[in-house]
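Below you'll find the structure, written out as structure tokens, and then a few comments.
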Amino acid sequence: MTTTRTRFTAPQRFLHWLMAICILSMLFIGVGMVSTITTKYLTLVQIHKPLGIAILVLVLIRLTLRLIYGAPALPADLPEPLKLAAISSQYIFYLLMIGMPLIGWGMLSAAAYPVVLFGGVHLPPILPVSPSLHTLLWRAHHYLAFAFFAVILAHVAGILFHKLVRNDGIFETMAPVSTHNQSESK
């Protein structure tokens, strides 16, 4: 759904930037987890699990807001391949933002590891205990993290292209603060 607004709503923009910080933090924490055998590993795991669930909750809120408020229309002169890339990348982002935490939760469930949130709250397992399923999900989680890094790099490259080359207002639709005197009708 697209609208005549020139910017995403304030809650949509807030969630975008909050999630960007959370996701980048999560990816770097994940890299730290798989590259250390020191006692810092347990600290990283204790951050990684609840942060993953927080990202899952935030993306579901974000998706709900997207369905309610839609998105500003893409520029009319945007070539079709770029429109397809923009729309496809949004679907890929949502799939990764929802899929990665669910795969992680499933992976832990399959290994009988608890998912402990802040305050000692334990989430129930979502899959049966299975070493082979755990291994499969671990691999999926591992390789999809690299795919997530690649999608983020492509996203940043796309935004820089739209801001610095085309200067077509795409960046301004999600900028934390207005960089132009654009009206923001809701």
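Residue names in the structure tokens use chain letters A, B, ... in the order shown, residue numbers from 1 in each chain, and ligand numbers from 1 in the order shown.
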Near-range 140-157 of chain A list (7 Å; only C-alpha atoms; drop same-chain fewer than 2 positions) as a list in words = Leu27, Leu96, Met100, Ile103, Gly104, Leu136, Leu137, Trp138, Ile159, Leu160 and Phe161 of chain A
Could you tell me, as a PyMOL selection string, which residues of range 8-99 of chain A DSSP assigns to helix (DSSP H, G or I) when given the backbone?
-> chain A and resi 10-34+40-69+80-99
So which residues touch range 58-63 of chain A within 9 Å, counting only C-alpha atoms, skipping near sequence neighbours fewer than 3 positions away, as a list of chain:residue names?
->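 After dropping sequence-adjacent residues, the list is A:Pro11, A:Gln12, A:Leu15, A:His16, A:Leu18, A:Met19, A:Ile53, A:Ala54, A:Ile55, A:Arg66, A:Leu67, A:Ile68, A:Tyr94, A:Met97, A:Ile98.
Using only C-alpha atoms, the residues found no farther than 9 Å from Val45 in chain A, other than those of its own chain fewer than 6 positions away, are Ile29, Gly30 and Met33 of chain A.
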Output all heavy atoms for every residue in the selection just made, as a compact mmCIF listing (two decimals), in the first residue's frame.
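Below you can see again_3.txt, which holds the result:
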# COMPACT_ATOMS: atom_id res chain seq x y z
N ILE A 29 27.28 -8.91 17.45
CA ILE A 29 27.32 -9.80 18.61
C ILE A 29 27.43 -11.24 18.14
O ILE A 29 28.20 -12.04 18.69
CB ILE A 29 26.08 -9.59 19.51
CG1 ILE A 29 26.17 -8.25 20.23
CG2 ILE A 29 25.92 -10.73 20.51
CD1 ILE A 29 24.88 -7.81 20.90
N GLY A 30 26.67 -11.59 17.10
CA GLY A 30 26.74 -12.95 16.54
C GLY A 30 28.13 -13.28 16.05
O GLY A 30 28.65 -14.38 16.28
N MET A 33 30.23 -13.93 18.99
CA MET A 33 29.92 -15.22 19.61
C MET A 33 30.63 -16.37 18.91
O MET A 33 31.19 -17.24 19.57
CB MET A 33 28.40 -15.49 19.57
CG MET A 33 27.62 -14.73 20.59
SD MET A 33 25.82 -14.87 20.37
CE MET A 33 25.57 -16.52 19.82
What's the 10 Å shell around Phe14 in chain A, counting only C-alpha atoms, without same-chain residues fewer than 4 positions away, as a list in words?
-> Phe8, Thr9, Ala10, Leu18, Met19, Ala20, Arg62, Met174, Ala175 and Pro176 of chain A
Could the residues in this selection be written to a file with all heavy atoms, as a compact mmCIF listing (two decimals), in the first residue's frame?
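Saved the output as result_4.txt:
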# COMPACT_ATOMS: atom_id res chain seq x y z
N PHE A 8 7.49 8.44 5.75
CA PHE A 8 6.87 7.45 6.62
C PHE A 8 6.42 8.16 7.88
O PHE A 8 6.94 9.24 8.22
CB PHE A 8 7.88 6.35 6.97
CG PHE A 8 8.11 5.37 5.85
CD1 PHE A 8 9.14 5.57 4.95
CD2 PHE A 8 7.31 4.25 5.72
CE1 PHE A 8 9.37 4.66 3.92
CE2 PHE A 8 7.52 3.34 4.69
CZ PHE A 8 8.54 3.55 3.79
N THR A 9 5.48 7.59 8.61
CA THR A 9 5.01 8.20 9.85
C THR A 9 6.15 8.20 10.88
O THR A 9 7.10 7.43 10.77
CB THR A 9 3.80 7.45 10.43
OG1 THR A 9 4.22 6.14 10.81
CG2 THR A 9 2.65 7.38 9.43
N ALA A 10 6.01 9.06 11.88
CA ALA A 10 7.03 9.14 12.93
C ALA A 10 7.26 7.79 13.62
O ALA A 10 8.42 7.40 13.82
CB ALA A 10 6.67 10.22 13.94
N LEU A 18 15.56 2.41 15.24
CA LEU A 18 15.78 1.57 16.41
C LEU A 18 16.15 0.16 15.99
O LEU A 18 17.11 -0.43 16.50
CB LEU A 18 14.52 1.54 17.30
CG LEU A 18 14.57 0.60 18.50
CD1 LEU A 18 15.67 1.02 19.47
CD2 LEU A 18 13.21 0.57 19.19
N MET A 19 15.43 -0.37 15.02
CA MET A 19 15.72 -1.72 14.55
C MET A 19 17.05 -1.79 13.81
O MET A 19 17.76 -2.80 13.89
CB MET A 19 14.58 -2.23 13.67
CG MET A 19 13.33 -2.51 14.48
SD MET A 19 12.06 -3.27 13.50
CE MET A 19 12.83 -4.88 13.23
N ALA A 20 17.41 -0.74 13.10
CA ALA A 20 18.72 -0.72 12.43
C ALA A 20 19.84 -0.87 13.47
O ALA A 20 20.77 -1.67 13.28
CB ALA A 20 18.90 0.58 11.64
N ARG A 62 6.28 -3.22 13.53
CA ARG A 62 6.60 -2.44 12.33
C ARG A 62 5.78 -2.89 11.12
O ARG A 62 5.28 -2.07 10.35
CB ARG A 62 8.10 -2.57 12.04
CG ARG A 62 8.57 -1.73 10.91
CD ARG A 62 10.06 -1.79 10.80
NE ARG A 62 10.49 -1.13 9.58
CZ ARG A 62 11.72 -1.07 9.18
NH1 ARG A 62 12.69 -1.60 9.90
NH2 ARG A 62 12.03 -0.47 8.05
N MET A 174 12.55 8.25 5.00
CA MET A 174 12.82 7.53 6.23
C MET A 174 13.84 8.26 7.11
O MET A 174 14.20 7.78 8.18
CB MET A 174 13.32 6.11 5.92
CG MET A 174 13.35 5.17 7.09
SD MET A 174 11.78 4.95 7.95
CE MET A 174 11.06 3.62 7.00
N ALA A 175 14.28 9.43 6.69
CA ALA A 175 15.25 10.19 7.49
C ALA A 175 14.65 10.47 8.87
O ALA A 175 13.46 10.73 8.99
CB ALA A 175 15.62 11.49 6.78
N PRO A 176 15.49 10.41 9.91
CA PRO A 176 14.96 10.63 11.25
C PRO A 176 14.34 12.03 11.42
O PRO A 176 13.35 12.19 12.13
CB PRO A 176 16.17 10.47 12.17
CG PRO A 176 17.29 9.98 11.34
CD PRO A 176 16.91 10.10 9.91
Residue list (strand (DSSP E or B), DSSP) for range 38-145 of chain A, as a VMD selection string = chain A and resid 71 to 72 115 to 116 122 to 123
